[in-house]
>>> print(open('my_file-v2.cif').read())   # mmCIF, C-alpha atoms
data_model
#
loop_
_atom_site.group_PDB
_atom_site.id
_atom_site.type_symbol
_atom_site.label_atom_id
_atom_site.label_comp_id
_atom_site.auth_asym_id
_atom_site.auth_seq_id
_atom_site.Cartn_x
_atom_site.Cartn_y
_atom_site.Cartn_z
ATOM 1 C CA MET S 1 4.984 20.513 -24.071
ATOM 2 C CA SER S 2 8.225 18.777 -25.024
ATOM 3 C CA THR S 3 8.770 15.156 -24.177
ATOM 4 C CA SER S 4 12.188 13.781 -23.294
ATOM 5 C CA PRO S 5 13.169 10.348 -24.631
ATOM 6 C CA THR S 6 13.021 8.952 -21.095
ATOM 7 C CA THR S 7 9.499 10.212 -20.535
ATOM 8 C CA ASN S 8 8.464 8.930 -23.919
ATOM 9 C CA ASP S 9 9.863 5.485 -23.219
ATOM 10 C CA ARG S 10 8.068 5.312 -19.897
ATOM 11 C CA GLU S 11 4.814 6.381 -21.552
ATOM 12 C CA GLU S 12 5.020 4.546 -24.853
ATOM 13 C CA GLY S 13 7.264 1.598 -24.075
ATOM 14 C CA LEU S 14 6.395 -1.847 -22.759
ATOM 15 C CA ALA S 15 9.051 -1.971 -20.036
ATOM 16 C CA PHE S 16 7.680 -2.142 -16.506
ATOM 17 C CA GLN S 17 9.268 0.960 -14.941
ATOM 18 C CA PRO S 18 7.254 2.088 -11.913
ATOM 19 C CA LYS S 19 7.982 5.707 -11.053
ATOM 20 C CA PHE S 20 8.162 5.796 -7.258
ATOM 21 C CA ASP S 21 7.769 9.085 -5.409
ATOM 22 C CA ALA S 22 10.227 10.476 -2.857
ATOM 23 C CA SER S 23 8.846 8.005 -0.298
ATOM 24 C CA GLY S 24 9.310 5.068 -2.677
ATOM 25 C CA LEU S 25 5.601 4.671 -3.376
ATOM 26 C CA VAL S 26 3.149 4.539 -6.252
ATOM 27 C CA THR S 27 -0.571 5.187 -5.845
ATOM 28 C CA CYS S 28 -2.857 2.185 -6.286
ATOM 29 C CA VAL S 29 -6.562 2.278 -7.096
ATOM 30 C CA ALA S 30 -8.487 -0.935 -6.489
ATOM 31 C CA THR S 31 -11.827 -1.356 -8.239
ATOM 32 C CA ASP S 32 -14.400 -4.104 -7.928
ATOM 33 C CA ALA S 33 -13.977 -6.328 -10.991
ATOM 34 C CA ALA S 34 -17.695 -7.099 -10.935
ATOM 35 C CA THR S 35 -19.218 -3.628 -10.534
ATOM 36 C CA GLY S 36 -16.466 -1.155 -11.489
ATOM 37 C CA ASP S 37 -16.863 0.655 -8.147
ATOM 38 C CA VAL S 38 -13.730 2.132 -6.653
ATOM 39 C CA LEU S 39 -13.068 0.164 -3.464
ATOM 40 C CA MET S 40 -10.009 1.984 -2.109
ATOM 41 C CA VAL S 41 -6.987 4.139 -2.878
ATOM 42 C CA ALA S 42 -3.740 3.084 -1.236
ATOM 43 C CA HIS S 43 -0.003 2.861 -1.882
ATOM 44 C CA MET S 44 2.480 0.215 -2.955
ATOM 45 C CA ASN S 45 6.241 0.218 -2.621
ATOM 46 C CA ASP S 46 8.507 -1.896 -4.800
ATOM 47 C CA GLU S 47 8.092 -4.959 -2.575
ATOM 48 C CA ALA S 48 4.295 -4.633 -2.409
ATOM 49 C CA LEU S 49 4.160 -4.388 -6.195
ATOM 50 C CA ARG S 50 6.337 -7.457 -6.625
ATOM 51 C CA LYS S 51 4.435 -9.503 -4.074
ATOM 52 C CA THR S 52 1.135 -8.531 -5.680
ATOM 53 C CA ILE S 53 2.360 -9.553 -9.128
ATOM 54 C CA GLU S 54 3.894 -12.812 -7.890
ATOM 55 C CA SER S 55 1.050 -13.927 -5.630
ATOM 56 C CA GLY S 56 -2.039 -12.494 -7.336
ATOM 57 C CA ASP S 57 -3.165 -11.141 -3.960
ATOM 58 C CA ALA S 58 -3.088 -7.399 -3.258
ATOM 59 C CA TRP S 59 -0.244 -6.196 -1.035
ATOM 60 C CA TYR S 60 0.115 -2.568 0.026
ATOM 61 C CA PHE S 61 2.463 -0.336 1.970
ATOM 62 C CA SER S 62 0.878 1.508 4.892
ATOM 63 C CA ARG S 63 2.251 5.016 5.288
ATOM 64 C CA SER S 64 0.731 5.378 8.772
ATOM 65 C CA ARG S 65 2.117 2.078 10.033
ATOM 66 C CA ASN S 66 5.235 2.236 7.838
ATOM 67 C CA ALA S 67 4.766 -1.420 7.021
ATOM 68 C CA LEU S 68 4.055 -3.802 4.206
ATOM 69 C CA TRP S 69 0.716 -5.593 4.507
ATOM 70 C CA ARG S 70 -1.236 -8.183 2.613
ATOM 71 C CA LYS S 71 -4.754 -6.891 2.231
ATOM 72 C CA GLY S 72 -6.986 -8.955 4.496
ATOM 73 C CA GLU S 73 -4.201 -10.499 6.581
ATOM 74 C CA THR S 74 -5.960 -9.301 9.762
ATOM 75 C CA SER S 75 -9.545 -8.926 8.591
ATOM 76 C CA GLY S 76 -9.738 -11.824 6.158
ATOM 77 C CA GLN S 77 -11.081 -9.392 3.550
ATOM 78 C CA THR S 78 -8.602 -10.303 0.824
ATOM 79 C CA GLN S 79 -8.360 -9.006 -2.734
ATOM 80 C CA ARG S 80 -7.666 -11.363 -5.652
ATOM 81 C CA VAL S 81 -6.195 -9.407 -8.566
ATOM 82 C CA VAL S 82 -7.936 -10.002 -11.900
ATOM 83 C CA GLU S 83 -5.959 -7.411 -13.858
ATOM 84 C CA MET S 84 -3.250 -4.840 -13.113
ATOM 85 C CA ARG S 85 -2.612 -1.799 -15.266
ATOM 86 C CA MET S 86 -0.066 1.042 -15.161
ATOM 87 C CA ASP S 87 -0.902 4.620 -16.075
ATOM 88 C CA CYS S 88 0.879 6.747 -18.670
ATOM 89 C CA ASP S 89 3.752 7.926 -16.480
ATOM 90 C CA GLN S 90 3.815 4.743 -14.388
ATOM 91 C CA ASP S 91 3.296 6.428 -11.026
ATOM 92 C CA ALA S 92 -0.171 4.962 -10.535
ATOM 93 C CA VAL S 93 -1.475 1.395 -10.638
ATOM 94 C CA TRP S 94 -5.040 0.245 -11.235
ATOM 95 C CA ILE S 95 -6.002 -3.212 -10.021
ATOM 96 C CA ARG S 96 -9.343 -4.837 -10.759
ATOM 97 C CA VAL S 97 -10.017 -7.209 -7.891
ATOM 98 C CA GLU S 98 -12.353 -9.854 -6.587
ATOM 99 C CA GLN S 99 -13.001 -8.410 -3.154
ATOM 100 C CA GLN S 100 -13.685 -10.819 -0.320
ATOM 101 C CA GLY S 101 -16.260 -9.036 1.845
ATOM 102 C CA ALA S 102 -15.410 -5.417 2.593
ATOM 103 C CA ALA S 103 -12.428 -3.377 1.409
ATOM 104 C CA CYS S 104 -12.745 -0.622 4.011
ATOM 105 C CA HIS S 105 -11.419 -0.899 7.574
ATOM 106 C CA THR S 106 -14.738 0.629 8.732
ATOM 107 C CA GLY S 107 -16.494 -2.521 7.518
ATOM 108 C CA ARG S 108 -17.992 -1.077 4.338
ATOM 109 C CA ARG S 109 -17.624 -2.695 0.952
ATOM 110 C CA SER S 110 -15.867 0.446 -0.394
ATOM 111 C CA CYS S 111 -13.979 3.256 1.349
ATOM 112 C CA PHE S 112 -16.078 5.657 -0.734
ATOM 113 C CA TYR S 113 -19.328 5.387 1.237
ATOM 114 C CA ARG S 114 -20.133 9.109 1.273
ATOM 115 C CA ALA S 115 -21.117 11.363 -1.626
ATOM 116 C CA VAL S 116 -20.393 15.091 -1.737
ATOM 117 C CA THR S 117 -23.563 17.174 -1.852
ATOM 118 C CA THR S 118 -24.271 20.889 -1.997
ATOM 119 C CA GLY S 119 -27.278 22.910 -0.893
ATOM 120 C CA ASP S 120 -27.694 26.543 0.163
ATOM 121 C CA GLY S 121 -24.028 27.058 -0.672
ATOM 122 C CA VAL S 122 -22.930 24.462 1.885
ATOM 123 C CA THR S 123 -20.933 21.383 0.930
ATOM 124 C CA ARG S 124 -21.686 18.293 2.987
ATOM 125 C CA LEU S 125 -21.492 14.523 2.746
ATOM 126 C CA ALA S 126 -24.292 11.967 2.497
ATOM 127 C CA PHE S 127 -24.015 8.238 3.133
ATOM 128 C CA VAL S 128 -24.241 6.046 0.016
ATOM 129 C CA ASP S 129 -23.836 2.261 0.100
ATOM 130 C CA ALA S 130 -22.704 2.644 3.708
ATOM 131 C CA ASP S 131 -23.954 -0.622 5.204
ATOM 132 C CA ARG S 132 -21.288 -2.404 7.218
ATOM 133 C CA LEU S 133 -20.408 -5.949 6.220
ATOM 134 C CA PHE S 134 -18.433 -6.485 9.417
ATOM 135 C CA ASP S 135 -17.955 -4.861 12.801
ATOM 136 C CA PRO S 136 -14.449 -3.375 12.919
ATOM 137 C CA ALA S 137 -14.397 -3.547 16.735
ATOM 138 C CA VAL S 138 -14.704 -7.320 16.480
ATOM 139 C CA VAL S 139 -12.500 -7.892 13.461
ATOM 140 C CA TYR S 140 -9.641 -5.686 14.633
ATOM 141 C CA ARG S 141 -10.227 -6.415 18.380
ATOM 142 C CA THR S 142 -10.051 -2.728 19.319
ATOM 143 C CA MET T 1 -6.324 0.074 16.693
ATOM 144 C CA SER T 2 -7.718 2.980 18.697
ATOM 145 C CA THR T 3 -9.641 5.720 16.990
ATOM 146 C CA SER T 4 -9.438 9.333 18.155
ATOM 147 C CA PRO T 5 -12.617 11.406 18.154
ATOM 148 C CA THR T 6 -11.202 13.539 15.344
ATOM 149 C CA THR T 7 -10.476 10.529 13.161
ATOM 150 C CA ASN T 8 -13.844 9.080 13.951
ATOM 151 C CA ASP T 9 -15.609 12.297 13.024
ATOM 152 C CA ARG T 10 -13.760 12.503 9.736
ATOM 153 C CA GLU T 11 -14.623 8.886 8.987
ATOM 154 C CA GLU T 12 -18.149 8.653 10.336
ATOM 155 C CA GLY T 13 -19.370 12.250 10.148
ATOM 156 C CA LEU T 14 -21.066 14.103 7.330
ATOM 157 C CA ALA T 15 -18.890 17.219 7.455
ATOM 158 C CA PHE T 16 -16.826 17.805 4.326
ATOM 159 C CA GLN T 17 -13.285 17.861 5.780
ATOM 160 C CA PRO T 18 -10.746 17.048 3.068
ATOM 161 C CA LYS T 19 -7.455 15.914 4.564
ATOM 162 C CA PHE T 20 -4.782 17.565 2.444
ATOM 163 C CA ASP T 21 -1.230 16.217 2.440
ATOM 164 C CA ALA T 22 1.890 18.284 3.162
ATOM 165 C CA SER T 23 1.652 19.749 -0.350
ATOM 166 C CA GLY T 24 -1.989 20.717 0.158
ATOM 167 C CA LEU T 25 -3.344 17.995 -2.120
ATOM 168 C CA VAL T 26 -5.790 15.109 -2.119
ATOM 169 C CA THR T 27 -5.658 12.255 -4.620
ATOM 170 C CA CYS T 28 -8.466 12.132 -7.159
ATOM 171 C CA VAL T 29 -9.540 9.089 -9.160
ATOM 172 C CA ALA T 30 -11.734 9.767 -12.181
ATOM 173 C CA THR T 31 -13.765 6.886 -13.568
ATOM 174 C CA ASP T 32 -15.930 6.711 -16.670
ATOM 175 C CA ALA T 33 -19.546 6.976 -15.484
ATOM 176 C CA ALA T 34 -20.652 4.777 -18.373
ATOM 177 C CA THR T 35 -18.141 1.915 -18.189
ATOM 178 C CA GLY T 36 -16.593 2.097 -14.712
ATOM 179 C CA ASP T 37 -13.082 2.190 -16.221
ATOM 180 C CA VAL T 38 -10.505 4.237 -14.361
ATOM 181 C CA LEU T 39 -9.628 7.148 -16.653
ATOM 182 C CA MET T 40 -6.920 8.888 -14.630
ATOM 183 C CA VAL T 41 -5.414 9.505 -11.206
ATOM 184 C CA ALA T 42 -4.533 13.120 -10.428
ATOM 185 C CA HIS T 43 -4.533 15.632 -7.586
ATOM 186 C CA MET T 44 -6.736 18.435 -6.357
ATOM 187 C CA ASN T 45 -5.904 21.268 -3.990
ATOM 188 C CA ASP T 46 -8.537 23.172 -2.029
ATOM 189 C CA GLU T 47 -9.288 25.518 -4.922
ATOM 190 C CA ALA T 48 -9.549 22.689 -7.477
ATOM 191 C CA LEU T 49 -11.962 20.864 -5.183
ATOM 192 C CA ARG T 50 -14.112 23.966 -4.729
ATOM 193 C CA LYS T 51 -14.147 24.811 -8.426
ATOM 194 C CA THR T 52 -15.072 21.232 -9.307
ATOM 195 C CA ILE T 53 -17.945 21.238 -6.827
ATOM 196 C CA GLU T 54 -19.176 24.678 -7.893
ATOM 197 C CA SER T 55 -18.902 24.224 -11.661
ATOM 198 C CA GLY T 56 -19.547 20.510 -12.125
ATOM 199 C CA ASP T 57 -16.456 20.340 -14.365
ATOM 200 C CA ALA T 58 -13.303 18.610 -13.147
ATOM 201 C CA TRP T 59 -10.463 20.889 -12.059
ATOM 202 C CA TYR T 60 -7.091 19.572 -10.931
ATOM 203 C CA PHE T 61 -3.786 20.805 -9.565
ATOM 204 C CA SER T 62 -0.750 19.866 -11.622
ATOM 205 C CA ARG T 63 2.260 19.053 -9.468
ATOM 206 C CA SER T 64 4.646 19.209 -12.451
ATOM 207 C CA ARG T 65 3.366 22.596 -13.631
ATOM 208 C CA ASN T 66 2.480 23.818 -10.118
ATOM 209 C CA ALA T 67 -0.761 25.186 -11.488
ATOM 210 C CA LEU T 68 -4.503 24.816 -11.278
ATOM 211 C CA TRP T 69 -6.108 23.554 -14.483
ATOM 212 C CA ARG T 70 -9.556 22.828 -15.755
ATOM 213 C CA LYS T 71 -9.466 19.412 -17.383
ATOM 214 C CA GLY T 72 -9.761 19.935 -21.134
ATOM 215 C CA GLU T 73 -8.986 23.661 -21.136
ATOM 216 C CA THR T 74 -6.254 23.066 -23.740
ATOM 217 C CA SER T 75 -7.358 19.808 -25.317
ATOM 218 C CA GLY T 76 -11.134 20.285 -25.218
ATOM 219 C CA GLN T 77 -11.373 16.857 -23.533
ATOM 220 C CA THR T 78 -13.483 17.991 -20.584
ATOM 221 C CA GLN T 79 -14.939 15.956 -17.725
ATOM 222 C CA ARG T 80 -18.474 16.537 -16.481
ATOM 223 C CA VAL T 81 -18.850 15.276 -12.926
ATOM 224 C CA VAL T 82 -21.815 12.974 -12.352
ATOM 225 C CA GLU T 83 -20.975 12.119 -8.746
ATOM 226 C CA MET T 84 -18.199 12.919 -6.277
ATOM 227 C CA ARG T 85 -17.390 10.758 -3.256
ATOM 228 C CA MET T 86 -14.869 11.045 -0.421
ATOM 229 C CA ASP T 87 -13.072 8.072 1.075
ATOM 230 C CA CYS T 88 -13.027 7.052 4.743
ATOM 231 C CA ASP T 89 -10.226 9.368 5.876
ATOM 232 C CA GLN T 90 -11.078 12.066 3.309
ATOM 233 C CA ASP T 91 -7.669 12.168 1.650
ATOM 234 C CA ALA T 92 -8.947 10.718 -1.617
ATOM 235 C CA VAL T 93 -11.768 11.738 -3.949
ATOM 236 C CA TRP T 94 -13.567 9.581 -6.488
ATOM 237 C CA ILE T 95 -15.367 11.329 -9.318
ATOM 238 C CA ARG T 96 -17.572 9.554 -11.834
ATOM 239 C CA VAL T 97 -17.427 11.609 -15.012
ATOM 240 C CA GLU T 98 -18.795 11.956 -18.489
ATOM 241 C CA GLN T 99 -15.528 12.124 -20.387
ATOM 242 C CA GLN T 100 -15.448 14.162 -23.573
ATOM 243 C CA GLY T 101 -13.112 12.229 -25.880
ATOM 244 C CA ALA T 102 -9.881 11.147 -24.232
ATOM 245 C CA ALA T 103 -8.741 11.637 -20.640
ATOM 246 C CA CYS T 104 -5.044 10.955 -21.271
ATOM 247 C CA HIS T 105 -2.616 13.546 -22.615
ATOM 248 C CA THR T 106 -1.274 10.810 -24.928
ATOM 249 C CA GLY T 107 -4.624 10.812 -26.714
ATOM 250 C CA ARG T 108 -5.980 7.589 -25.223
ATOM 251 C CA ARG T 109 -9.388 7.327 -23.599
ATOM 252 C CA SER T 110 -7.787 6.274 -20.284
ATOM 253 C CA CYS T 111 -4.293 6.780 -18.878
ATOM 254 C CA PHE T 112 -4.327 3.048 -18.046
ATOM 255 C CA TYR T 113 -3.702 1.721 -21.572
ATOM 256 C CA ARG T 114 -1.140 -0.928 -20.560
ATOM 257 C CA ALA T 115 -1.665 -4.098 -18.553
ATOM 258 C CA VAL T 116 1.029 -5.721 -16.440
ATOM 259 C CA THR T 117 1.936 -9.207 -17.660
ATOM 260 C CA THR T 118 4.377 -11.840 -16.490
ATOM 261 C CA GLY T 119 6.076 -14.662 -18.324
ATOM 262 C CA ASP T 120 9.342 -16.534 -17.746
ATOM 263 C CA GLY T 121 9.752 -14.564 -14.538
ATOM 264 C CA VAL T 122 9.799 -11.262 -16.413
ATOM 265 C CA THR T 123 7.256 -8.509 -15.767
ATOM 266 C CA ARG T 124 6.340 -6.452 -18.804
ATOM 267 C CA LEU T 125 3.492 -4.301 -20.102
ATOM 268 C CA ALA T 126 1.061 -4.985 -22.940
ATOM 269 C CA PHE T 127 -1.128 -2.448 -24.702
ATOM 270 C CA VAL T 128 -4.851 -2.670 -23.900
ATOM 271 C CA ASP T 129 -7.441 -0.231 -25.248
ATOM 272 C CA ALA T 130 -4.515 1.873 -26.485
ATOM 273 C CA ASP T 131 -6.048 3.437 -29.613
ATOM 274 C CA ARG T 132 -5.513 7.180 -29.762
ATOM 275 C CA LEU T 133 -8.593 9.377 -30.049
ATOM 276 C CA PHE T 134 -6.494 12.434 -30.843
ATOM 277 C CA ASP T 135 -2.947 13.284 -31.873
ATOM 278 C CA PRO T 136 -1.241 15.001 -28.935
ATOM 279 C CA ALA T 137 1.242 16.737 -31.259
ATOM 280 C CA VAL T 138 -1.679 18.532 -32.905
ATOM 281 C CA VAL T 139 -3.793 19.151 -29.808
ATOM 282 C CA TYR T 140 -0.945 20.460 -27.652
ATOM 283 C CA ARG T 141 0.990 21.995 -30.618
ATOM 284 C CA THR T 142 4.277 20.484 -29.506
#
>>> encode(input="my_file-v2.cif", output="structure tokens")
Amino acid sequence: MSTSPTTNDREEGLAFQPKFDASGLVTCVATDAATGDVLMVAHMNDEALRKTIESGDAWYFSRSRNALWRKGETSGQTQRVVEMRMDCDQDAVWIRVEQQGAACHTGRRSCFYRAVTTGDGVTRLAFVDADRLFDPAVVYRT
Amino acid sequence: MSTSPTTNDREEGLAFQPKFDASGLVTCVATDAATGDVLMVAHMNDEALRKTIESGDAWYFSRSRNALWRKGETSGQTQRVVEMRMDCDQDAVWIRVEQQGAACHTGRRSCFYRAVTTGDGVTRLAFVDADRLFDPAVVYRT
């Protein structure tokens, strides 16, 4: 595995050089600063990254809605960023957050409310920590 | 926000229905089962998912090498999966792992060895937990 100077700089340097994909996005993992649980996986574009850094609140870019959004702007379930880290090749961001209420649009604390299980050669899911903290039909007025 | 029956089933059902992107991949976040730290963000295709579930060792799909790989097959730095969870829309996987040595190809425990800092309006990175557990030049024989 040879490493070009550019790759090496991005991996070993201290310059903030996010590596956006073809859609202009990096992947962002948000974990609960208190428990270490993964709350959600989402995406940030350049503007979402900048707004997150400047404001200390998590901003994302929705691929389905093709729009920038401040986490919690509709639901009130905001995320205060305690720490932000970049990964080796700077195409992924990890934020440790103080989550207000629930991170998931289904009303659960985390989007990861189902574990993968196997039995008799069949792979299924099982609910884990799946209590709803809010009713999405009320919060999002569906 | 209206929810189609298909979406609802994927979000509220217990069927294992990974939602692969156009490249046939889901995003996978691996965290340290002991500390909760995010170790790496990578991708899995259908075969990597199945092999991970069947073997209990983490398998990934490398986009840069266009190849399936068992984590640690070259470096010896394997990941034993303690728990696997799917997110709400089943396009992201969270695995809690027992990491043998270092997860990052640079030799660090985690790929997230730099924090984002700001000062005087400039955003930069700072090393955090950046000690190397192995020398990549030796392990990968570059």
>>> interface_residues(input="my_file-v2.cif", of="chain T", to="chain S", cutoff="9 Å", atoms="all atoms listed in the file", output="PDB file with C-alpha atoms, in the coordinates of the input")
ATOM      1  CA  MET T   1      -6.324   0.074  16.693  1.00  0.00           C
ATOM      2  CA  SER T   2      -7.718   2.980  18.697  1.00  0.00           C
ATOM      3  CA  THR T   3      -9.641   5.720  16.990  1.00  0.00           C
ATOM      4  CA  GLU T  11     -14.623   8.886   8.987  1.00  0.00           C
ATOM      5  CA  GLU T  12     -18.149   8.653  10.336  1.00  0.00           C
ATOM      6  CA  GLY T  13     -19.370  12.250  10.148  1.00  0.00           C
ATOM      7  CA  LEU T  14     -21.066  14.103   7.330  1.00  0.00           C
ATOM      8  CA  ALA T  15     -18.890  17.219   7.455  1.00  0.00           C
ATOM      9  CA  PHE T  16     -16.826  17.805   4.326  1.00  0.00           C
ATOM     10  CA  GLN T  17     -13.285  17.861   5.780  1.00  0.00           C
ATOM     11  CA  THR T  27      -5.658  12.255  -4.620  1.00  0.00           C
ATOM     12  CA  VAL T  29      -9.540   9.089  -9.160  1.00  0.00           C
ATOM     13  CA  THR T  31     -13.765   6.886 -13.568  1.00  0.00           C
ATOM     14  CA  THR T  35     -18.141   1.915 -18.189  1.00  0.00           C
ATOM     15  CA  GLY T  36     -16.593   2.097 -14.712  1.00  0.00           C
ATOM     16  CA  ASP T  37     -13.082   2.190 -16.221  1.00  0.00           C
ATOM     17  CA  VAL T  38     -10.505   4.237 -14.361  1.00  0.00           C
ATOM     18  CA  MET T  40      -6.920   8.888 -14.630  1.00  0.00           C
ATOM     19  CA  VAL T  41      -5.414   9.505 -11.206  1.00  0.00           C
ATOM     20  CA  ILE T  53     -17.945  21.238  -6.827  1.00  0.00           C
ATOM     21  CA  GLU T  54     -19.176  24.678  -7.893  1.00  0.00           C
ATOM     22  CA  GLU T  83     -20.975  12.119  -8.746  1.00  0.00           C
ATOM     23  CA  MET T  84     -18.199  12.919  -6.277  1.00  0.00           C
ATOM     24  CA  ARG T  85     -17.390  10.758  -3.256  1.00  0.00           C
ATOM     25  CA  MET T  86     -14.869  11.045  -0.421  1.00  0.00           C
ATOM     26  CA  ASP T  87     -13.072   8.072   1.075  1.00  0.00           C
ATOM     27  CA  CYS T  88     -13.027   7.052   4.743  1.00  0.00           C
ATOM     28  CA  ASP T  89     -10.226   9.368   5.876  1.00  0.00           C
ATOM     29  CA  ALA T  92      -8.947  10.718  -1.617  1.00  0.00           C
ATOM     30  CA  VAL T  93     -11.768  11.738  -3.949  1.00  0.00           C
ATOM     31  CA  TRP T  94     -13.567   9.581  -6.488  1.00  0.00           C
ATOM     32  CA  CYS T 104      -5.044  10.955 -21.271  1.00  0.00           C
ATOM     33  CA  HIS T 105      -2.616  13.546 -22.615  1.00  0.00           C
ATOM     34  CA  THR T 106      -1.274  10.810 -24.928  1.00  0.00           C
ATOM     35  CA  SER T 110      -7.787   6.274 -20.284  1.00  0.00           C
ATOM     36  CA  CYS T 111      -4.293   6.780 -18.878  1.00  0.00           C
ATOM     37  CA  PHE T 112      -4.327   3.048 -18.046  1.00  0.00           C
ATOM     38  CA  TYR T 113      -3.702   1.721 -21.572  1.00  0.00           C
ATOM     39  CA  ARG T 114      -1.140  -0.928 -20.560  1.00  0.00           C
ATOM     40  CA  ALA T 115      -1.665  -4.098 -18.553  1.00  0.00           C
ATOM     41  CA  VAL T 116       1.029  -5.721 -16.440  1.00  0.00           C
ATOM     42  CA  THR T 117       1.936  -9.207 -17.660  1.00  0.00           C
ATOM     43  CA  THR T 118       4.377 -11.840 -16.490  1.00  0.00           C
ATOM     44  CA  THR T 123       7.256  -8.509 -15.767  1.00  0.00           C
ATOM     45  CA  ARG T 124       6.340  -6.452 -18.804  1.00  0.00           C
ATOM     46  CA  LEU T 125       3.492  -4.301 -20.102  1.00  0.00           C
ATOM     47  CA  ALA T 126       1.061  -4.985 -22.940  1.00  0.00           C
ATOM     48  CA  PHE T 127      -1.128  -2.448 -24.702  1.00  0.00           C
ATOM     49  CA  VAL T 128      -4.851  -2.670 -23.900  1.00  0.00           C
ATOM     50  CA  ALA T 137       1.242  16.737 -31.259  1.00  0.00           C
ATOM     51  CA  TYR T 140      -0.945  20.460 -27.652  1.00  0.00           C
ATOM     52  CA  ARG T 141       0.990  21.995 -30.618  1.00  0.00           C
ATOM     53  CA  THR T 142       4.277  20.484 -29.506  1.00  0.00           C
TER      54      THR T 142
END
>>> residues_near_point(input="my_file-v2.cif", point="(-9.9, -12.3, -4.1)", cutoff="6 Å", atoms="all atoms listed in the file", output="PDB file with C-alpha atoms, in the coordinates of the input")
ATOM      1  CA  THR S  78      -8.602 -10.303   0.824  1.00  0.00           C
ATOM      2  CA  GLN S  79      -8.360  -9.006  -2.734  1.00  0.00           C
ATOM      3  CA  ARG S  80      -7.666 -11.363  -5.652  1.00  0.00           C
ATOM      4  CA  GLU S  98     -12.353  -9.854  -6.587  1.00  0.00           C
ATOM      5  CA  GLN S  99     -13.001  -8.410  -3.154  1.00  0.00           C
ATOM      6  CA  GLN S 100     -13.685 -10.819  -0.320  1.00  0.00           C
TER       7      GLN S 100
END
>>> atom_distance(input="my_file-v2.cif", atom1="atom CA of S:Arg70", atom2="atom CA of S:Ala58")
6.2 Å
>>> resolve_selection(input="my_file-v2.cif", expression="the PyMOL selection byres ((chain S and resi 133) around 6)", output="list in words")
Gly107, Arg108, Arg132 and Phe134 of chain S
>>> atom_distance(input="my_file-v2.cif", atom1="atom CA of T:Lys19", atom2="atom CA of T:Lys51")
17.1 Å
>>> axis_aligned_box(input="my_file-v2.cif", around="stretch 84-93 of chain T", padding_each_side="3 Å", output="AutoDock Vina command-line options")
--center_x -12.9 --center_y 10.0 --center_z -0.2 --size_x 16.5 --size_y 11.9 --size_z 18.2
>>> closest_residue(input="my_file-v2.cif", among="S:Ala102, S:Leu25, S:Val97, S:Met44", to="S:Asp131", atoms="only C-alpha atoms")
S:Ala102
>>> residues_around(input="my_file-v2.cif", residues="T:Glu47", least_positions_apart="2", cutoff="9 Å", atoms="all atoms listed in the file", output="ChimeraX atom specification")
/T:44-45,49-52,59-61,68
>>> write_last_selection(input="my_file-v2.cif", atoms="C-alpha atoms", output="short mmCIF file (atom, residue, chain, number, x, y, z; two decimals), in the frame of the given file")
data_model
loop_
_atom_site.label_atom_id
_atom_site.label_comp_id
_atom_site.auth_asym_id
_atom_site.auth_seq_id
_atom_site.Cartn_x
_atom_site.Cartn_y
_atom_site.Cartn_z
CA MET T 44 -6.74 18.43 -6.36
CA ASN T 45 -5.90 21.27 -3.99
CA LEU T 49 -11.96 20.86 -5.18
CA ARG T 50 -14.11 23.97 -4.73
CA LYS T 51 -14.15 24.81 -8.43
CA THR T 52 -15.07 21.23 -9.31
CA TRP T 59 -10.46 20.89 -12.06
CA TYR T 60 -7.09 19.57 -10.93
CA PHE T 61 -3.79 20.80 -9.56
CA LEU T 68 -4.50 24.82 -11.28
#
>>> atom_distance(input="my_file-v2.cif", atom1="atom CA of T:Ala103", atom2="atom CA of T:Ser62")
14.6 Å
>>> closest_residue(input="my_file-v2.cif", among="S:Asp21, S:Val139, S:Val81, S:Asp120", to="S:Ala34", atoms="all atoms listed in the file")
S:Val81
